[in-house]
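Only one structure is covered here, and it is reproduced in the block below.
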Amino acid sequence: MRRLLVLGAGTAGTMVVNKLRRRLPASEWRISVVEAGEKHFYQPGFLFLPFGGYTTEQVVKPVAPLVAAGVDLIRGEVDRVDAGQNRVLLSGGRSLPYDYLVIATGVTPRPDQTPGMLDGGQWRKTIFDFYTYDGAMALAKALDAFDGGRLVVHITDMPIKCPVAPLEFTFLADAYFRQRGLRDRVELVYATPLPGAFTKPIASARLGSMLDDRKVTVEPDFLVERIDDTTLVSYDEREIPFDLLVTVPLNVGADYVARSGLGNELNLVPVDRHTMLAKAYDNIFALGDANDIPTSKAGSVAHFAVEVFADNFVEYAAGKPMTGSFDGHANCFVESGNGKALLIDFNYDTEPLPGSYPVPFAGPFRLLDEAAVNHWGKLAFRWMYWNLLLPGRPIPLPAHMSMAGKHIPKSEE
Amino acid sequence: MPVTTIAGREIHVDDEGFLTSYDEWTPDLAEQLATQIGIDLTDAHFKALAFLRADYATQGETATLRRVSTLGGIPTKELFTLFPKKPAKKMAYIAGLPKPHGCV
């Protein structure tokens, strides 16, 4: 029996085992997945929890039923990968041998990495995150009790999961305070280590003007050094006092990746950006947020990358060259408040552009433009996630980005 | 690809003035590039530049500030002192490397 071992039953890991269980004969392949947690979270739903949207049942399900029959689900914490010996050691001492290993343990927000964030006495009092279920639920209470002052939305450092989520949170907060008749008493500040609202120029200009329209003050190039009580302090000694801070802590890969000598300075596994094969070992892949590919850390990227990987892996395991090449395709709905959203579609080489998706001119979705149809698309995606994506069923969207339907705005020079 | 002349030499650069050819960089050229953005290079600057260039040679990508501080051993605070306001961009510019792509 050949052994495929997957670490992590999150978005990427679950898709990998479910897809490959259908592709690899049970008589020849044992497929196992190691997962420490009992619950699988629909992480895009965390954005809506602080504003009272979504119930627990809609964003949380038990892990086990999501993993296909014929896949061995192993409960446990990874201690380290012994890549030289092709085995993984669990915390209890159990040793799991493998022929091929997939690292899919993602990244975790780490408030302990910024002095004063977790240990300054303000965590979950005036400082909150919404990238964890507990954080998003705690923030819902804090927002409900908030009756005015300065709310700072803050990103510690890039890369982060879903880089548009802090923008979405800001748009939704603006709409939320308007609905409550409080907007005049709330000052909204957006502090980012990036030079603007987003990394890519055309989208950054569009999203930046949406922040302006909503009277949000942007503090660009702000790299936090520490938090002094209720003040953010940057390395170049700018200070931003807050009454309520909604921060995105540093996103770091799993500690065992570092202990195993497989990670970079953020515990991300360096891989070939087209095949996700680890640079250091020819039988280790890293998928989803756990790798270092230069694209968004997002479920859509994990999905498109897993599509390419699954075909490639069947070839690779048969001793053939991998013929698929991942292009860095990402596709994200950007919630903008009041029942509208934008859609952005891009890859390694093409930044988000205006147009329609997936069908040129017809859409129905509109790229880089606020529309109700995009908002409904975002809500419908939750059903697709649980019912199509995780089970590894086909979704009628091509894995590779297409230029059809996109147009490049004329330069204003 | 634009070509510019710095200190009597023709240098290949991109639209924003970042060098596009790794091998056209010299320490003398770094002094010129630094002067253009108002920085006088010291040994401390050159230590950072040397790490960036060595790291680029093996990784094929411009190191992030976190990488320079973690692996290069130069604290982020010091990088902000040496290359004020936008250290990642300024270091890459002076080191003759591509602009760091801000990780999407």
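To be explicit about the labels: the chains of the structure tokens are called A, B, and onward in the order shown, and within each one the residues are counted from 1, while ligands get numbers from 1 in the order they are shown.
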Select residues of chain B: the criterion is any atom within 12 Å of an atom of chain A, counting only C-alpha atoms; output as a VMD selection string. chain B and resid 58 to 61 63 to 73 75 to 89 100 to 104
Run DSSP on the backbone and give me the residues of range 129-362 of chain A it puts in strand (DSSP E or B), as a PyMOL selection string. chain A and resi 149-155+161+186-191+216-219+224-228+231-234+239-241+244-248+250-253+269+271+277-278+284-286+291+297+330-337+340-346+355-359
Output C-alpha atoms for every residue in that selection, as a short mmCIF file (atom, residue, chain, number, x, y, z; two decimals), in the first residue's frame.
```cif
data_model
loop_
_atom_site.label_atom_id
_atom_site.label_comp_id
_atom_site.auth_asym_id
_atom_site.auth_seq_id
_atom_site.Cartn_x
_atom_site.Cartn_y
_atom_site.Cartn_z
CA GLY A 149 -15.35 57.16 19.64
CA ARG A 150 -12.45 56.14 17.43
CA LEU A 151 -12.63 52.68 15.89
CA VAL A 152 -9.36 51.62 14.27
CA VAL A 153 -9.26 48.74 11.80
CA HIS A 154 -5.68 47.52 11.66
CA ILE A 155 -3.48 45.03 9.79
CA LYS A 161 -5.79 35.46 5.19
CA VAL A 186 -17.74 57.25 15.29
CA GLU A 187 -14.39 58.10 13.75
CA LEU A 188 -13.23 55.28 11.46
CA VAL A 189 -9.48 54.83 10.82
CA TYR A 190 -7.90 52.21 8.56
CA ALA A 191 -4.24 51.52 9.48
CA VAL A 216 -12.63 56.64 6.60
CA THR A 217 -9.16 58.00 7.35
CA VAL A 218 -6.43 55.78 5.87
CA GLU A 219 -3.07 55.58 7.66
CA VAL A 224 3.06 48.42 14.20
CA GLU A 225 5.89 47.95 16.67
CA ARG A 226 3.82 47.72 19.84
CA ILE A 227 0.57 48.66 21.51
CA ASP A 228 0.83 50.92 24.57
CA THR A 231 -2.45 53.36 21.43
CA LEU A 232 -0.92 51.73 18.36
CA VAL A 233 2.74 52.75 17.94
CA SER A 234 4.54 52.21 14.63
CA GLU A 239 0.79 56.92 17.28
CA ILE A 240 -2.86 56.05 16.75
CA PRO A 241 -4.98 56.09 19.93
CA LEU A 244 -11.95 50.17 19.91
CA LEU A 245 -9.28 48.33 17.92
CA VAL A 246 -10.19 45.65 15.39
CA THR A 247 -6.84 44.17 14.47
CA VAL A 248 -5.61 41.44 12.18
CA LEU A 250 0.39 38.56 12.47
CA ASN A 251 -0.52 35.44 10.45
CA VAL A 252 1.96 32.62 11.05
CA GLY A 253 2.17 29.03 9.81
CA VAL A 269 6.61 26.22 3.39
CA VAL A 271 7.07 25.73 -2.75
CA LEU A 277 5.79 20.96 -4.55
CA ALA A 278 8.12 21.87 -1.65
CA ILE A 284 6.15 17.01 0.16
CA PHE A 285 3.52 19.45 -1.11
CA ALA A 286 2.07 22.43 0.75
CA ASN A 291 2.68 27.67 1.51
CA LYS A 297 -4.32 33.50 1.34
CA ALA A 330 -7.99 34.19 -6.86
CA ASN A 331 -11.63 35.18 -6.96
CA CYS A 332 -13.05 37.17 -4.04
CA PHE A 333 -16.34 38.83 -3.25
CA VAL A 334 -15.76 42.11 -1.43
CA GLU A 335 -18.74 43.03 0.76
CA SER A 336 -19.29 46.79 0.69
CA GLY A 337 -22.31 47.30 2.95
CA LYS A 340 -23.91 45.18 -2.10
CA ALA A 341 -20.54 43.69 -2.94
CA LEU A 342 -17.73 43.86 -5.48
CA LEU A 343 -16.08 40.89 -7.14
CA ILE A 344 -12.38 40.71 -7.94
CA ASP A 345 -10.76 38.04 -10.14
CA PHE A 346 -6.98 37.96 -10.64
CA GLY A 355 -15.66 43.69 -16.39
CA SER A 356 -18.11 40.83 -15.96
CA TYR A 357 -17.76 37.25 -14.65
CA PRO A 358 -17.81 34.40 -15.49
CA VAL A 359 -19.49 35.11 -18.85
#
```
Give me, as a ChimeraX atom specification, all polymer residues having an atom no more than 10 Å from range 375-389 of chain A, counting only C-alpha atoms and skipping those fewer than 4 positions away in the same chain. /A:11-12,14-15,18-19,42-45,58-59,61,66,299-300,303,332-343,364-365,370-371,393-395
Resulting file, chosen residues, N, CA and C atoms, as a compact mmCIF listing (two decimals), in the first residue's frame:
```txt
# COMPACT_ATOMS: atom_id res chain seq x y z
N THR A 11 -9.88 23.85 4.88
CA THR A 11 -10.42 23.98 3.52
C THR A 11 -9.59 23.18 2.51
N ALA A 12 -8.29 23.43 2.48
CA ALA A 12 -7.43 22.77 1.49
C ALA A 12 -7.31 21.27 1.76
N THR A 14 -9.20 19.15 3.44
CA THR A 14 -10.44 18.39 3.23
C THR A 14 -10.69 18.19 1.73
N MET A 15 -10.49 19.25 0.95
CA MET A 15 -10.67 19.11 -0.51
C MET A 15 -9.69 18.10 -1.08
N ASN A 18 -10.70 14.43 -0.14
CA ASN A 18 -11.97 14.03 -0.76
C ASN A 18 -11.83 13.87 -2.28
N LYS A 19 -11.06 14.74 -2.89
CA LYS A 19 -10.84 14.62 -4.34
C LYS A 19 -9.98 13.41 -4.67
N TYR A 42 -16.45 27.71 8.65
CA TYR A 42 -16.57 28.43 7.37
C TYR A 42 -16.03 29.83 7.63
N GLN A 43 -14.75 30.03 7.38
CA GLN A 43 -14.09 31.25 7.82
C GLN A 43 -14.61 32.53 7.16
N PRO A 44 -15.06 32.49 5.88
CA PRO A 44 -15.61 33.73 5.32
C PRO A 44 -16.80 34.25 6.11
N GLY A 45 -17.48 33.37 6.83
CA GLY A 45 -18.64 33.78 7.63
C GLY A 45 -18.26 34.62 8.83
N GLN A 58 -24.53 27.95 10.88
CA GLN A 58 -24.20 28.24 9.48
C GLN A 58 -22.70 28.27 9.23
N VAL A 59 -21.91 28.50 10.26
CA VAL A 59 -20.46 28.64 10.04
C VAL A 59 -19.62 27.56 10.72
N LYS A 61 -19.28 23.30 11.59
CA LYS A 61 -19.76 21.92 11.49
C LYS A 61 -18.68 20.99 12.04
N LEU A 66 -17.32 15.61 7.27
CA LEU A 66 -16.89 16.30 6.05
C LEU A 66 -15.79 15.53 5.32
N GLY A 299 -9.66 30.98 0.47
CA GLY A 299 -10.27 29.71 0.11
C GLY A 299 -10.35 29.52 -1.39
N SER A 300 -10.55 30.61 -2.13
CA SER A 300 -10.67 30.46 -3.58
C SER A 300 -9.33 30.04 -4.18
N HIS A 303 -8.90 26.42 -3.41
CA HIS A 303 -9.77 25.64 -4.30
C HIS A 303 -9.15 25.47 -5.69
N CYS A 332 -12.54 36.81 -5.37
CA CYS A 332 -13.05 37.17 -4.04
C CYS A 332 -14.20 38.16 -4.15
N PHE A 333 -15.27 37.86 -3.43
CA PHE A 333 -16.34 38.83 -3.25
C PHE A 333 -15.91 39.80 -2.16
N VAL A 334 -16.13 41.09 -2.40
CA VAL A 334 -15.76 42.11 -1.43
C VAL A 334 -17.04 42.81 -0.98
N GLU A 335 -17.49 42.49 0.23
CA GLU A 335 -18.74 43.03 0.76
C GLU A 335 -18.56 44.53 1.02
N SER A 336 -19.51 45.36 0.54
CA SER A 336 -19.29 46.79 0.69
C SER A 336 -20.37 47.49 1.50
N GLY A 337 -21.28 46.71 2.08
CA GLY A 337 -22.31 47.30 2.95
C GLY A 337 -23.62 47.52 2.21
N ASN A 338 -24.75 47.62 2.96
CA ASN A 338 -26.06 47.87 2.39
C ASN A 338 -26.46 46.88 1.30
N GLY A 339 -26.09 45.62 1.49
CA GLY A 339 -26.53 44.58 0.57
C GLY A 339 -25.83 44.59 -0.78
N LYS A 340 -24.65 45.19 -0.84
CA LYS A 340 -23.91 45.18 -2.10
C LYS A 340 -22.51 44.60 -1.88
N ALA A 341 -21.91 44.21 -3.00
CA ALA A 341 -20.54 43.69 -2.94
C ALA A 341 -19.86 43.92 -4.27
N LEU A 342 -18.52 43.86 -4.25
CA LEU A 342 -17.73 43.86 -5.48
C LEU A 342 -17.22 42.44 -5.69
N LEU A 343 -16.74 42.16 -6.89
CA LEU A 343 -16.08 40.89 -7.14
C LEU A 343 -14.73 41.20 -7.78
N PRO A 364 -23.28 36.74 -14.51
CA PRO A 364 -24.07 37.83 -13.93
C PRO A 364 -23.25 38.74 -13.00
N PHE A 365 -22.06 38.29 -12.60
CA PHE A 365 -21.33 39.09 -11.62
C PHE A 365 -20.56 40.22 -12.28
N GLU A 370 -19.66 47.81 -7.40
CA GLU A 370 -20.61 47.49 -6.35
C GLU A 370 -21.95 47.09 -6.95
N ALA A 371 -22.45 45.92 -6.58
CA ALA A 371 -23.74 45.47 -7.10
C ALA A 371 -24.37 44.47 -6.14
N ARG A 393 -16.69 18.09 -5.08
CA ARG A 393 -17.51 17.95 -6.29
C ARG A 393 -17.16 19.07 -7.26
N PRO A 394 -17.40 18.84 -8.55
CA PRO A 394 -17.03 19.86 -9.54
C PRO A 394 -17.85 21.14 -9.37
N ILE A 395 -17.19 22.27 -9.51
CA ILE A 395 -17.86 23.56 -9.51
C ILE A 395 -17.64 24.15 -10.90
```
Residues flagged helix (DSSP H, G or I) by DSSP in range 158-229 of chain A, as a VMD selection string: chain A and resid 165 to 179 183 to 185 201 to 213
Take the selection from the previous step and output its residues with C-alpha atoms, as a PDB file, in the first residue's frame.
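Printed below is result_16.pdb as written:
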```pdb
ATOM      1  CA  ALA A 165     -11.604  41.199   4.750  1.00  0.00           C
ATOM      2  CA  PRO A 166     -10.364  44.199   6.794  1.00  0.00           C
ATOM      3  CA  LEU A 167     -11.712  46.484   4.048  1.00  0.00           C
ATOM      4  CA  GLU A 168     -15.014  44.634   4.049  1.00  0.00           C
ATOM      5  CA  PHE A 169     -15.169  44.923   7.829  1.00  0.00           C
ATOM      6  CA  THR A 170     -14.666  48.692   7.509  1.00  0.00           C
ATOM      7  CA  PHE A 171     -17.417  49.069   4.887  1.00  0.00           C
ATOM      8  CA  LEU A 172     -19.793  46.968   6.971  1.00  0.00           C
ATOM      9  CA  ALA A 173     -18.935  48.917  10.143  1.00  0.00           C
ATOM     10  CA  ASP A 174     -19.736  52.184   8.348  1.00  0.00           C
ATOM     11  CA  ALA A 175     -23.133  50.822   7.251  1.00  0.00           C
ATOM     12  CA  TYR A 176     -23.781  49.328  10.701  1.00  0.00           C
ATOM     13  CA  PHE A 177     -23.168  52.611  12.536  1.00  0.00           C
ATOM     14  CA  ARG A 178     -25.300  54.501  10.010  1.00  0.00           C
ATOM     15  CA  GLN A 179     -28.169  52.094  10.615  1.00  0.00           C
ATOM     16  CA  ARG A 183     -22.101  57.264  12.425  1.00  0.00           C
ATOM     17  CA  ASP A 184     -21.556  60.951  13.361  1.00  0.00           C
ATOM     18  CA  ARG A 185     -20.128  59.870  16.690  1.00  0.00           C
ATOM     19  CA  PRO A 201      -3.061  49.541  -8.280  1.00  0.00           C
ATOM     20  CA  ILE A 202      -6.447  49.553 -10.068  1.00  0.00           C
ATOM     21  CA  ALA A 203      -8.276  47.802  -7.212  1.00  0.00           C
ATOM     22  CA  SER A 204      -6.422  49.922  -4.647  1.00  0.00           C
ATOM     23  CA  ALA A 205      -7.616  53.130  -6.300  1.00  0.00           C
ATOM     24  CA  ARG A 206     -11.217  51.849  -6.493  1.00  0.00           C
ATOM     25  CA  LEU A 207     -11.285  50.548  -2.908  1.00  0.00           C
ATOM     26  CA  GLY A 208      -9.402  53.623  -1.660  1.00  0.00           C
ATOM     27  CA  SER A 209     -12.034  55.953  -3.100  1.00  0.00           C
ATOM     28  CA  MET A 210     -14.730  53.821  -1.442  1.00  0.00           C
ATOM     29  CA  LEU A 211     -12.985  54.476   1.897  1.00  0.00           C
ATOM     30  CA  ASP A 212     -12.893  58.215   1.101  1.00  0.00           C
ATOM     31  CA  ASP A 213     -16.605  58.190   0.224  1.00  0.00           C
TER      32      ASP A 213
END
```
For CA of Phe130 in chain A and CA of Phe46 in chain A, quote the distance in Å rounded to one decimal. 6.3 Å
